[in-house]
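Asks: Would you mind keeping the following structure in view while I ask a few things?
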Amino acid sequence: MSDEPAVENARKDFIREIIDEDLASGKHEGTVTRFPPEPNGYLHIGHAKSICLNFGIAQEYGGRCHLRFDDTNPTKEDTEYVDSIKEDVRWLGFDWGDNLYFASDYFEQIYEWAVHLIKEGKAYVDDQNAEQIREARGNLQEPGTDSPFRDRSVEENLDLFQRMKDGEFGDGEKVLRARIDMAHANMNLRDPVLYRIAHAHHHRTGDAWCIYPMYDFAHGQSDALEHITHSLCTLEFEHHRPLYDWFLDNLPVPSRPRQIEFSRLNLNYTVMSKRKLLQLVQENHVSGWDDPRMPTISGIRRRGYPAEAIRDFCKTVGITKFKGTNDIGLLENAVRQVLNKTANRYMAVLDPIKVTVTNYPEDQVEEMEAMINPEDPDAGMRKVPFCRDLYIEREDFMEDAPKKFFRLSVDKEVRFRCAYWLKCNEVIKDESGEVVELLCTYDPETRGGENPPDGRKVKGTIHWVSARHAVDAEVRVYDRLFSDEDPEGGEGSFLDNMNPDSLHLVENAKLEPCLADVGVGECVQFERLGYFAVDPDTTADRKVFNRTVPLRDSWAKKQKK
RNA sequence: AACUCCGUGGUGUAACGGUAGCACAACAGGUUUUGGUCCUGUUUGUCAAGGUUCGAAUCCUUGCGGAGUUGCCA
């Protein structure tokens, strides 16, 4: 309720302003949008922007948003992708209801419209091959030249097109082209191809067709058939709009959609093109489409990013025609913001050093009380066992500590979160000089981590785990996949810019026992470290965690300087 | 000058002729049993030049810069 005025006053992007105008002027009575993926790959965060836009508008305006698969190219498409796309849209929190469509459902109608154009003298069958057509198209400086087949009679065109459909010709032998203007400044209007021959099995229509419409000849008409009011797409389609409109002008379509283009999402340290993502998968640079380092929806889901954070992120990047690059930090910030409110806190040690509390009774174990989430008191409390044998993070101990190091050091005292204050008295090293154990003493007057009565102060609080009760787990610590801000820039392949340390595998992390009960997919905070999600690779006897995103770390930042 | 589109702090995004604001980042401080969270403050911007106007990021002109377009992909 309280955020209603905020929604009301929310600044609208130029597309929503256009919709407002169209509603105000009576041009449309409602708003119908569509999300039109081609089922030839997995959805990525860039698609999320389009999904949030299209479905978001439908929600805000009480309209509807169709999920339509743009499946006009049978050689590249597959039902595997259809299924993953549906799952991803649903996971993002959107619902297309009964409005699930396929461009291939319209093949018959689109074919009839092609015949219509032929009858009007606005389309012709061209016998030229692909190379000849390319050469005759001219270039950006020079006009194209008419095809020698451009002036065939309507009857001949009708006959030839029928025979194309009947399978009399091989792939590439003939195409159907619109008869527009071979000298047009916009290449898309230089007699664009409408239909090509492809003796290929289609994932839905099977072998019913051997001719398939091109995107341009299918998309706008599909929009019109579905009574889409606003057809939102990315900037690359801007100079296709005149063609989009040409078909609507020259065909007896049942409605008049309007195409509006906006800038696609670009993120630094990320590649977004389907081709490159496919390459990463096929060449095994990642473990699959859902590798947690991938910008795919399935990847970021597995990584632990909440859908809400993706939606928030899409809201903050906004919709414009300006082709900019967003900072990946903005996404990570959205993730932290959601997780800070929702993630349960636990303690886990990724790189353990043993700590022995020499003055703590050998046989004693105490159940320390700890908040599950300080940001959400309703989450309640949990119990964490404390005893003489503990682990702490190697990073939290330093022998020659600088003044600003607030953690454990020799003769220094620090708070063990929710437990006691401990002082390190002695360091035990192995032959190579590596620290293997710390001998510490605890102060019984600091139980629960409370301040002692004598008024002593301590600057730091560190996390720990009982060595006797710890649960072992695998933790996959991810970093960005590319070390270069613009992986696709520069001379060589984008693969040259891959971050060699994008995955750091921790085989034997030590977890507090409560963590044994966390289910697959759940994302928790390992205190002082970051957010971690339980990976599906988890088995009955071994948990696997993915690091979703680290906590902000002003100490690390200070150290770098 | 083939055509089309786009230029607001470091990044992204508002301001629709009337105080250039917000988020992220950065920096400084406060709070804190997470060097987290939270709070406060600071730095940094209208591509340029003309014009219209009492008044221009906004309208006009010119220039400059960037992107896209020559698939039987979408």
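Naming works like this for the structure tokens: A, B, ... for the chains as they're shown, residue 1 at the start of each chain, ligands 1 onward in shown order.
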Name all residues at most 12 Å from Met187 of chain A (count only C-alpha atoms (C1' of nucleotides); drop same-chain ones fewer than 2 positions away) and give them as a ChimeraX atom specification.
Replies: /A:134,136-144,180-185,189-193,239-243 /B:2-4,69-71
Asks: Find the residues of chain A that sit at most 7 Å from chain B; for each, write down the nearest two atoms and how far apart they are in Å, to one decimal. Count only C-alpha atoms (C1' of nucleotides). Sort by chain, then by number going up, and give it as a tab-separated table.
Replies:
residue	atom	partner	partner_atom	distance
A:Glu38	CA	B:A74	C1'	6.8
A:Ala130	CA	B:C72	C1'	6.2
A:Gly138	CA	B:U70	C1'	6.9
A:Asn139	CA	B:U70	C1'	4.6
A:Leu140	CA	B:A2	C1'	5.7
A:Gln141	CA	B:A2	C1'	5.3
A:Gly172	CA	B:C72	C1'	6.4
A:Val175	CA	B:C72	C1'	6.9
A:Ala185	CA	B:C3	C1'	5.5
A:Asn186	CA	B:C3	C1'	6.2
A:Met187	CA	B:U70	C1'	6.8
A:Val193	CA	B:C72	C1'	6.9
A:Arg196	CA	B:C72	C1'	5.3
A:Tyr215	CA	B:A74	C1'	6.3
A:Glu236	CA	B:G68	C1'	6.7
A:His239	CA	B:U4	C1'	6.6
A:Val317	CA	B:G12	C1'	6.0
A:Gly318	CA	B:U13	C1'	6.6
A:Lys321	CA	B:C6	C1'	6.8
A:Phe322	CA	B:C6	C1'	5.6
A:Asn326	CA	B:G12	C1'	5.9
A:Asp327	CA	B:U11	C1'	6.1
A:Leu330	CA	B:C24	C1'	5.6
A:Arg417	CA	B:U33	C1'	6.1
A:Cys418	CA	B:U33	C1'	6.5
A:Gly449	CA	B:U33	C1'	6.1
A:Thr461	CA	B:U33	C1'	6.8
A:Glu527	CA	B:U34	C1'	5.5
A:Arg528	CA	B:U34	C1'	4.8
A:Leu551	CA	B:G36	C1'	6.3
A:Arg552	CA	B:G36	C1'	6.7
A:Asp553	CA	B:G35	C1'	6.6
A:Ser554	CA	B:G35	C1'	5.8
A:Trp555	CA	B:G35	C1'	5.1
Asks: For segment 275-279 of chain A, work out the shell of residues within 12 Å, counting only C-alpha atoms (C1' of nucleotides) and skipping chain neighbours fewer than 4 positions away, then give it as a list in words.
Replies: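 Selected residues are Asn40, Gly41, Tyr42, Leu43, His44, Lys76, Thr270, Val271, Glu283, Asn284, His285, Val286, Ser287, Gly288, Trp289, Asp290, Asp291, Arg293, Met294, Pro295, Thr296, Gly299, Leu481, Pro487, Glu488, Ser493, Phe494 and Leu495 of chain A; C73 of chain B.
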Asks: Considering only C-alpha atoms (C1' of nucleotides), return as a ChimeraX atom specification whatever protein or nucleic-acid residues lie within 7 Å of Thr325 of chain A, sequence-local ones (same chain, fewer than 5 positions apart) excluded.
Replies: /A:266-268
Asks: Name the residues of segment 284-491 of chain A that fall into helix (DSSP H, G or I) according to DSSP on the backbone, using the chain letters and numbers of this document, as an mmCIF file with N, CA and C atoms, in the first residue's frame.
Replies:
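Once written, states_14.cif looks like this:
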data_model
loop_
_atom_site.group_PDB
_atom_site.id
_atom_site.type_symbol
_atom_site.label_atom_id
_atom_site.label_comp_id
_atom_site.auth_asym_id
_atom_site.auth_seq_id
_atom_site.Cartn_x
_atom_site.Cartn_y
_atom_site.Cartn_z
ATOM 1 N N ILE A 297 20.145 -17.016 -17.405
ATOM 2 C CA ILE A 297 19.212 -17.031 -16.281
ATOM 3 C C ILE A 297 19.448 -18.296 -15.452
ATOM 4 N N SER A 298 19.639 -19.424 -16.145
ATOM 5 C CA SER A 298 19.851 -20.668 -15.401
ATOM 6 C C SER A 298 21.168 -20.630 -14.622
ATOM 7 N N GLY A 299 22.164 -19.937 -15.158
ATOM 8 C CA GLY A 299 23.441 -19.817 -14.464
ATOM 9 C C GLY A 299 23.338 -18.955 -13.220
ATOM 10 N N ILE A 300 22.708 -17.814 -13.366
ATOM 11 C CA ILE A 300 22.634 -16.930 -12.197
ATOM 12 C C ILE A 300 21.671 -17.478 -11.147
ATOM 13 N N ARG A 301 20.698 -18.258 -11.593
ATOM 14 C CA ARG A 301 19.798 -18.918 -10.643
ATOM 15 C C ARG A 301 20.596 -19.922 -9.812
ATOM 16 N N ARG A 302 21.412 -20.710 -10.509
ATOM 17 C CA ARG A 302 22.233 -21.694 -9.807
ATOM 18 C C ARG A 302 23.261 -21.014 -8.901
ATOM 19 N N ARG A 303 23.714 -19.877 -9.333
ATOM 20 C CA ARG A 303 24.673 -19.114 -8.551
ATOM 21 C C ARG A 303 24.066 -18.615 -7.253
ATOM 22 N N ALA A 307 15.492 -14.010 -8.007
ATOM 23 C CA ALA A 307 14.746 -13.419 -9.120
ATOM 24 C C ALA A 307 14.390 -11.964 -8.822
ATOM 25 N N GLU A 308 14.068 -11.715 -7.554
ATOM 26 C CA GLU A 308 13.705 -10.353 -7.171
ATOM 27 C C GLU A 308 14.842 -9.372 -7.464
ATOM 28 N N ALA A 309 16.065 -9.832 -7.242
ATOM 29 C CA ALA A 309 17.218 -8.961 -7.485
ATOM 30 C C ALA A 309 17.366 -8.662 -8.974
ATOM 31 N N ILE A 310 17.064 -9.648 -9.800
ATOM 32 C CA ILE A 310 17.150 -9.433 -11.241
ATOM 33 C C ILE A 310 16.111 -8.392 -11.657
ATOM 34 N N ARG A 311 14.919 -8.533 -11.091
ATOM 35 C CA ARG A 311 13.870 -7.564 -11.417
ATOM 36 C C ARG A 311 14.255 -6.163 -10.948
ATOM 37 N N ASP A 312 14.773 -6.075 -9.729
ATOM 38 C CA ASP A 312 15.202 -4.769 -9.217
ATOM 39 C C ASP A 312 16.281 -4.169 -10.103
ATOM 40 N N PHE A 313 17.203 -5.004 -10.491
ATOM 41 C CA PHE A 313 18.303 -4.550 -11.337
ATOM 42 C C PHE A 313 17.765 -3.998 -12.653
ATOM 43 N N CYS A 314 16.855 -4.739 -13.261
ATOM 44 C CA CYS A 314 16.296 -4.291 -14.539
ATOM 45 C C CYS A 314 15.584 -2.954 -14.385
ATOM 46 N N LYS A 315 14.970 -2.775 -13.223
ATOM 47 C CA LYS A 315 14.298 -1.505 -12.966
ATOM 48 C C LYS A 315 15.316 -0.372 -12.893
ATOM 49 N N THR A 316 16.433 -0.621 -12.241
ATOM 50 C CA THR A 316 17.387 0.476 -12.075
ATOM 51 C C THR A 316 18.153 0.785 -13.359
ATOM 52 N N VAL A 317 18.359 -0.186 -14.237
ATOM 53 C CA VAL A 317 19.083 0.163 -15.467
ATOM 54 C C VAL A 317 18.193 0.937 -16.422
ATOM 55 N N ILE A 328 28.635 -4.220 -13.787
ATOM 56 C CA ILE A 328 28.211 -5.478 -13.190
ATOM 57 C C ILE A 328 28.010 -5.300 -11.684
ATOM 58 N N GLY A 329 28.689 -4.317 -11.109
ATOM 59 C CA GLY A 329 28.550 -4.024 -9.687
ATOM 60 C C GLY A 329 27.130 -3.635 -9.320
ATOM 61 N N LEU A 330 26.428 -3.083 -10.282
ATOM 62 C CA LEU A 330 25.051 -2.681 -10.039
ATOM 63 C C LEU A 330 24.173 -3.918 -9.809
ATOM 64 N N LEU A 331 24.451 -4.952 -10.592
ATOM 65 C CA LEU A 331 23.728 -6.215 -10.443
ATOM 66 C C LEU A 331 24.059 -6.823 -9.085
ATOM 67 N N GLU A 332 25.342 -6.855 -8.773
ATOM 68 C CA GLU A 332 25.774 -7.449 -7.514
ATOM 69 C C GLU A 332 25.181 -6.696 -6.324
ATOM 70 N N ASN A 333 25.073 -5.400 -6.474
ATOM 71 C CA ASN A 333 24.469 -4.613 -5.412
ATOM 72 C C ASN A 333 23.003 -4.995 -5.210
ATOM 73 N N ALA A 334 22.298 -5.196 -6.315
ATOM 74 C CA ALA A 334 20.894 -5.593 -6.220
ATOM 75 C C ALA A 334 20.776 -6.954 -5.536
ATOM 76 N N VAL A 335 21.708 -7.830 -5.840
ATOM 77 C CA VAL A 335 21.706 -9.161 -5.235
ATOM 78 C C VAL A 335 21.944 -9.063 -3.729
ATOM 79 N N ARG A 336 22.940 -8.289 -3.335
ATOM 80 C CA ARG A 336 23.237 -8.135 -1.914
ATOM 81 C C ARG A 336 22.069 -7.516 -1.161
ATOM 82 N N GLN A 337 21.442 -6.565 -1.808
ATOM 83 C CA GLN A 337 20.345 -5.862 -1.151
ATOM 84 C C GLN A 337 19.211 -6.828 -0.794
ATOM 85 N N VAL A 338 18.881 -7.718 -1.711
ATOM 86 C CA VAL A 338 17.819 -8.690 -1.449
ATOM 87 C C VAL A 338 18.283 -9.716 -0.424
ATOM 88 N N LEU A 339 19.486 -10.231 -0.639
ATOM 89 C CA LEU A 339 19.997 -11.290 0.228
ATOM 90 C C LEU A 339 20.231 -10.809 1.660
ATOM 91 N N ASN A 340 20.618 -9.552 1.802
ATOM 92 C CA ASN A 340 20.841 -9.033 3.153
ATOM 93 C C ASN A 340 19.568 -9.129 3.985
ATOM 94 N N LYS A 341 18.442 -8.937 3.316
ATOM 95 C CA LYS A 341 17.156 -8.990 4.017
ATOM 96 C C LYS A 341 16.679 -10.420 4.236
ATOM 97 N N THR A 342 17.046 -11.317 3.343
ATOM 98 C CA THR A 342 16.416 -12.631 3.354
ATOM 99 C C THR A 342 17.307 -13.807 3.753
ATOM 100 N N PRO A 377 14.593 -10.115 12.781
ATOM 101 C CA PRO A 377 14.530 -10.748 14.108
ATOM 102 C C PRO A 377 13.529 -11.900 14.150
ATOM 103 N N ASP A 378 12.515 -11.866 13.313
ATOM 104 C CA ASP A 378 11.527 -12.946 13.290
ATOM 105 C C ASP A 378 12.135 -14.276 12.861
ATOM 106 N N ALA A 379 13.282 -14.208 12.231
ATOM 107 C CA ALA A 379 13.918 -15.450 11.778
ATOM 108 C C ALA A 379 14.334 -16.318 12.962
ATOM 109 N N ARG A 394 42.122 -18.685 8.223
ATOM 110 C CA ARG A 394 43.555 -18.385 8.184
ATOM 111 C C ARG A 394 43.811 -16.880 8.046
ATOM 112 N N GLU A 395 42.968 -16.263 7.255
ATOM 113 C CA GLU A 395 43.076 -14.832 6.987
ATOM 114 C C GLU A 395 42.845 -13.981 8.236
ATOM 115 N N ASP A 396 42.208 -14.588 9.249
ATOM 116 C CA ASP A 396 41.875 -13.823 10.450
ATOM 117 C C ASP A 396 42.978 -13.855 11.500
ATOM 118 N N PRO A 444 35.921 -16.460 30.592
ATOM 119 C CA PRO A 444 34.572 -16.954 30.920
ATOM 120 C C PRO A 444 33.577 -15.828 31.155
ATOM 121 N N GLU A 445 34.081 -14.633 31.445
ATOM 122 C CA GLU A 445 33.179 -13.509 31.715
ATOM 123 C C GLU A 445 32.618 -12.876 30.437
ATOM 124 N N THR A 446 33.017 -13.402 29.291
ATOM 125 C CA THR A 446 32.557 -12.827 28.026
ATOM 126 C C THR A 446 31.602 -13.768 27.305
ATOM 127 N N ARG A 447 30.945 -14.622 28.043
ATOM 128 C CA ARG A 447 30.079 -15.612 27.421
ATOM 129 C C ARG A 447 29.051 -14.961 26.492
ATOM 130 N N GLY A 448 28.881 -15.567 25.338
ATOM 131 C CA GLY A 448 27.972 -15.003 24.334
ATOM 132 C C GLY A 448 28.637 -13.897 23.535
ATOM 133 N N GLY A 449 29.901 -13.630 23.873
ATOM 134 C CA GLY A 449 30.609 -12.564 23.179
ATOM 135 C C GLY A 449 30.417 -11.215 23.843
#
Asks: Near Ile211 of chain A, counting only C-alpha atoms (C1' of nucleotides), which residues have an atom at most 6 Å away, once you skip same-chain residues fewer than 6 positions from it, shown as a tab-separated table (two decimals) with N, CA and C atoms, in the first residue's frame?
Replies:
chain	number	residue	atom	x	y	z
A	165	LYS	N	6.79	-24.65	-52.46
A	165	LYS	CA	6.11	-25.22	-51.29
A	165	LYS	C	5.99	-26.75	-51.42
A	196	ARG	N	12.52	-18.79	-47.85
A	196	ARG	CA	13.61	-19.58	-48.40
A	196	ARG	C	13.23	-21.04	-48.30
A	197	ILE	N	13.91	-21.84	-49.12
A	197	ILE	CA	13.65	-23.28	-49.11
A	197	ILE	C	14.60	-23.95	-48.13
A	198	ALA	N	14.04	-24.74	-47.24
A	198	ALA	CA	14.89	-25.50	-46.31
A	198	ALA	C	14.21	-26.83	-46.05
